[in-house]
Amino acid sequence: MKSILVTGAAGFLGSHLCDRFISEGWQVIGMDNLITGDLKNIEHLFSHKNFRFYNHDVSTFVHVPGKLDYILHFASPASPIDYLKIPIQTLKVSSLGTHNMLGLARVKKARILVASTSEIYGDPNVHPQNEEYWGNVNPVGPRGVYDEAKRFQEAITMAYHRVHNLETRIVRIFNTYGPRMRLNDGRVLPAFLGQALRGEDLTIFGNGMQTRSFCYVDDLIEGVFRLLLSDYSMPVNIGNPDEITIMDFANEIIKLTGTDQKIIHKELPEGDPAMRRPDISKAQQILDWEPKISRSEGLKITYQYFQSLNKDDLYKKEHKSFDAFFR
Ligand code: UDP
């Protein structure tokens, strides 16, 4: 039986990855320190014989008993408001945490896939963004803590590949959404859906002409799965190239939810990229992958998920583990 360690297992993407590998019949070891993750996302796996969970911060030394064939390093705060609140943890998990994971992969002779991000392209001057583009990142801006840690992560991963012949994979993840996103994580999709559900005005930052391209979580997971099992070690973009302005996106949410709330404008945060859209030709070519789920389908599923949460979830500012961590 194949075994895989998933860091960030209680997070949005990590928990979906755990589900996927359990359904493939693999042994899954989840690890998370629960700063931004939530055990609710994986509690359905606790009774599964092939699932184990460790509450551990991967920025400190990591020991996992037994054999390990694969590692997925997905632990990291991933929302701009999270990096502002916990910038040092954000820097540490993708630098020290990645170093620990690469060391673990060497000891276990495991293949490792690290979660990188479209943020390594910064506020891009090339559109759409292909993997050859080096990016336009401000190291000392508010997003620098995430962007530079992820850039360091890519560099150290390639160094381990080149020096130690480690089997490495790098996925550059573009905006992804779906069930298990935190309603209050500050990102645009849960923000708008949460506002619609609470009967609040929808907050557009800036004039709303900035663009993003949203990928439904199942498509993303399939891309990661294929990349892990491929023999390609350079970075690969995974995302949905269907690009939309934030203004048009707000209007789609208004239509979907039937809310009669207005759109209000707030200040554009510093360093907010003006446009973002993945060039996915590499994924198409190497992985025979492209997204299958349209935004209208994916939004419906995600809206139903948020509707199914209880009132507490809808109004709480932060989940319990975040508060506990900083008490
Ligand atoms: N945004 C917005 N209103 C919100 C939250 C976000 O207009 O309530 C904008 C934000 O300024 C950015 C885009 O939506 O241009 C996507 O933001 P998000 O935080 O989801 O992720 P990003 O792609 O910037 O990392």
# chains A, B, ... in the order shown; residues from 1 in each chain; ligands from 1
>>> residues_around(residues="Lys282 of chain A", least_positions_apart="2", cutoff="9 Å", atoms="only C-alpha atoms", output="ChimeraX atom specification")
/A:130-131,236-237,279-280,284-288
>>> closest_atom_pairs(of="chain A", to="ligand 1", cutoff="7 Å", atoms="only C-alpha atoms and all ligand atoms", output="JSON lines")
{"residue": "A:Ser79", "atom": "CA", "partner": "ligand 1", "partner_atom_place_in_ligand_line": "19 (O)", "distance": 6.0}
{"residue": "A:Pro80", "atom": "CA", "partner": "ligand 1", "partner_atom_place_in_ligand_line": "19 (O)", "distance": 5.6}
{"residue": "A:Asn175", "atom": "CA", "partner": "ligand 1", "partner_atom_place_in_ligand_line": "23 (O)", "distance": 5.9}
{"residue": "A:Gly186", "atom": "CA", "partner": "ligand 1", "partner_atom_place_in_ligand_line": "5 (C)", "distance": 5.8}
{"residue": "A:Arg187", "atom": "CA", "partner": "ligand 1", "partner_atom_place_in_ligand_line": "20 (O)", "distance": 3.4}
{"residue": "A:Val188", "atom": "CA", "partner": "ligand 1", "partner_atom_place_in_ligand_line": "5 (C)", "distance": 3.7}
{"residue": "A:Leu189", "atom": "CA", "partner": "ligand 1", "partner_atom_place_in_ligand_line": "20 (O)", "distance": 6.2}
{"residue": "A:Ala191", "atom": "CA", "partner": "ligand 1", "partner_atom_place_in_ligand_line": "8 (O)", "distance": 5.0}
{"residue": "A:Phe192", "atom": "CA", "partner": "ligand 1", "partner_atom_place_in_ligand_line": "8 (O)", "distance": 6.2}
{"residue": "A:Leu202", "atom": "CA", "partner": "ligand 1", "partner_atom_place_in_ligand_line": "8 (O)", "distance": 7.0}
{"residue": "A:Thr203", "atom": "CA", "partner": "ligand 1", "partner_atom_place_in_ligand_line": "8 (O)", "distance": 4.8}
{"residue": "A:Ile204", "atom": "CA", "partner": "ligand 1", "partner_atom_place_in_ligand_line": "7 (O)", "distance": 3.4}
{"residue": "A:Phe205", "atom": "CA", "partner": "ligand 1", "partner_atom_place_in_ligand_line": "7 (O)", "distance": 3.8}
{"residue": "A:Gly206", "atom": "CA", "partner": "ligand 1", "partner_atom_place_in_ligand_line": "7 (O)", "distance": 6.8}
{"residue": "A:Gly208", "atom": "CA", "partner": "ligand 1", "partner_atom_place_in_ligand_line": "7 (O)", "distance": 6.2}
{"residue": "A:Gln210", "atom": "CA", "partner": "ligand 1", "partner_atom_place_in_ligand_line": "15 (O)", "distance": 5.6}
{"residue": "A:Thr211", "atom": "CA", "partner": "ligand 1", "partner_atom_place_in_ligand_line": "15 (O)", "distance": 6.8}
{"residue": "A:Arg212", "atom": "CA", "partner": "ligand 1", "partner_atom_place_in_ligand_line": "23 (O)", "distance": 6.3}
{"residue": "A:Ile246", "atom": "CA", "partner": "ligand 1", "partner_atom_place_in_ligand_line": "14 (O)", "distance": 5.9}
{"residue": "A:Leu268", "atom": "CA", "partner": "ligand 1", "partner_atom_place_in_ligand_line": "11 (O)", "distance": 5.6}
{"residue": "A:Pro269", "atom": "CA", "partner": "ligand 1", "partner_atom_place_in_ligand_line": "11 (O)", "distance": 6.1}
{"residue": "A:Asp272", "atom": "CA", "partner": "ligand 1", "partner_atom_place_in_ligand_line": "15 (O)", "distance": 5.6}
{"residue": "A:Pro273", "atom": "CA", "partner": "ligand 1", "partner_atom_place_in_ligand_line": "15 (O)", "distance": 6.5}
{"residue": "A:Ala274", "atom": "CA", "partner": "ligand 1", "partner_atom_place_in_ligand_line": "15 (O)", "distance": 7.0}
>>> atom_distance(atom1="atom CA of Phe174 of chain A", atom2="atom CA of Gly223 of chain A")
11.8 Å
>>> select_by_dssp(residues="segment 50-95 of chain A", states="alpha helix (DSSP H)", output="list in words")
Pro80, Ile81, Asp82, Tyr83, Leu84, Lys85, Pro87, Ile88, Gln89, Thr90, Leu91, Lys92, Val93, Ser94 and Ser95 of chain A
>>> select_by_dssp(residues="segment 108-296 of chain A", states="strand (DSSP E or B)", output="ChimeraX atom specification")
/A:111-117,122,129,136,168-173,176-177,202-205,211-213,215-216,236-238,243-245,263-266,278
>>> closest_residue(among="A:Ser47, A:Ser59, A:Ser296, A:Asn310", to="Gly8 of chain A", atoms="only C-alpha atoms")
A:Ser59
>>> closest_atom_pairs(of="segment 22-41 of chain A", to="segment 91-115 of chain A", cutoff="12 Å", atoms="only C-alpha atoms", output="CSV")
residue,atom,partner,partner_atom,distance
A:Met31,CA,A:Met101,CA,11.6
A:Asp32,CA,A:Val93,CA,11.0
A:Asn33,CA,A:Val93,CA,10.7
A:Ile35,CA,A:Val93,CA,11.5
>>> residues_around(residues="Asp185 of chain A", least_positions_apart="6", cutoff="12 Å", atoms="only C-alpha atoms", output="PyMOL selection string")
chain A and resi 11-12+36-37+77-85+177+191-194+313-314+316-319+322
>>> residues_around(residues="Val145 of chain A", least_positions_apart="3", cutoff="9 Å", atoms="only C-alpha atoms", output="number ranges by chain")
A: 83-84, 87-88, 90-91, 139-142, 148-150
>>> decode(residues="segment 139-153 of chain A", atoms="C-alpha atoms", output="tab-separated table (two decimals), in the first residue's frame")
chain	number	residue	atom	x	y	z
A	139	PRO	CA	9.81	41.61	-1.24
A	140	VAL	CA	8.97	44.21	1.43
A	141	GLY	CA	5.27	44.70	0.64
A	142	PRO	CA	2.54	43.08	2.75
A	143	ARG	CA	2.33	40.08	0.39
A	144	GLY	CA	6.12	39.69	0.36
A	145	VAL	CA	6.04	37.30	3.32
A	146	TYR	CA	4.00	34.79	1.33
A	147	ASP	CA	5.45	35.46	-2.12
A	148	GLU	CA	9.10	35.35	-1.09
A	149	ALA	CA	8.65	32.30	1.14
A	150	LYS	CA	7.04	30.46	-1.77
A	151	ARG	CA	9.82	31.62	-4.11
A	152	PHE	CA	12.40	30.36	-1.61
A	153	GLN	CA	10.43	27.12	-1.43
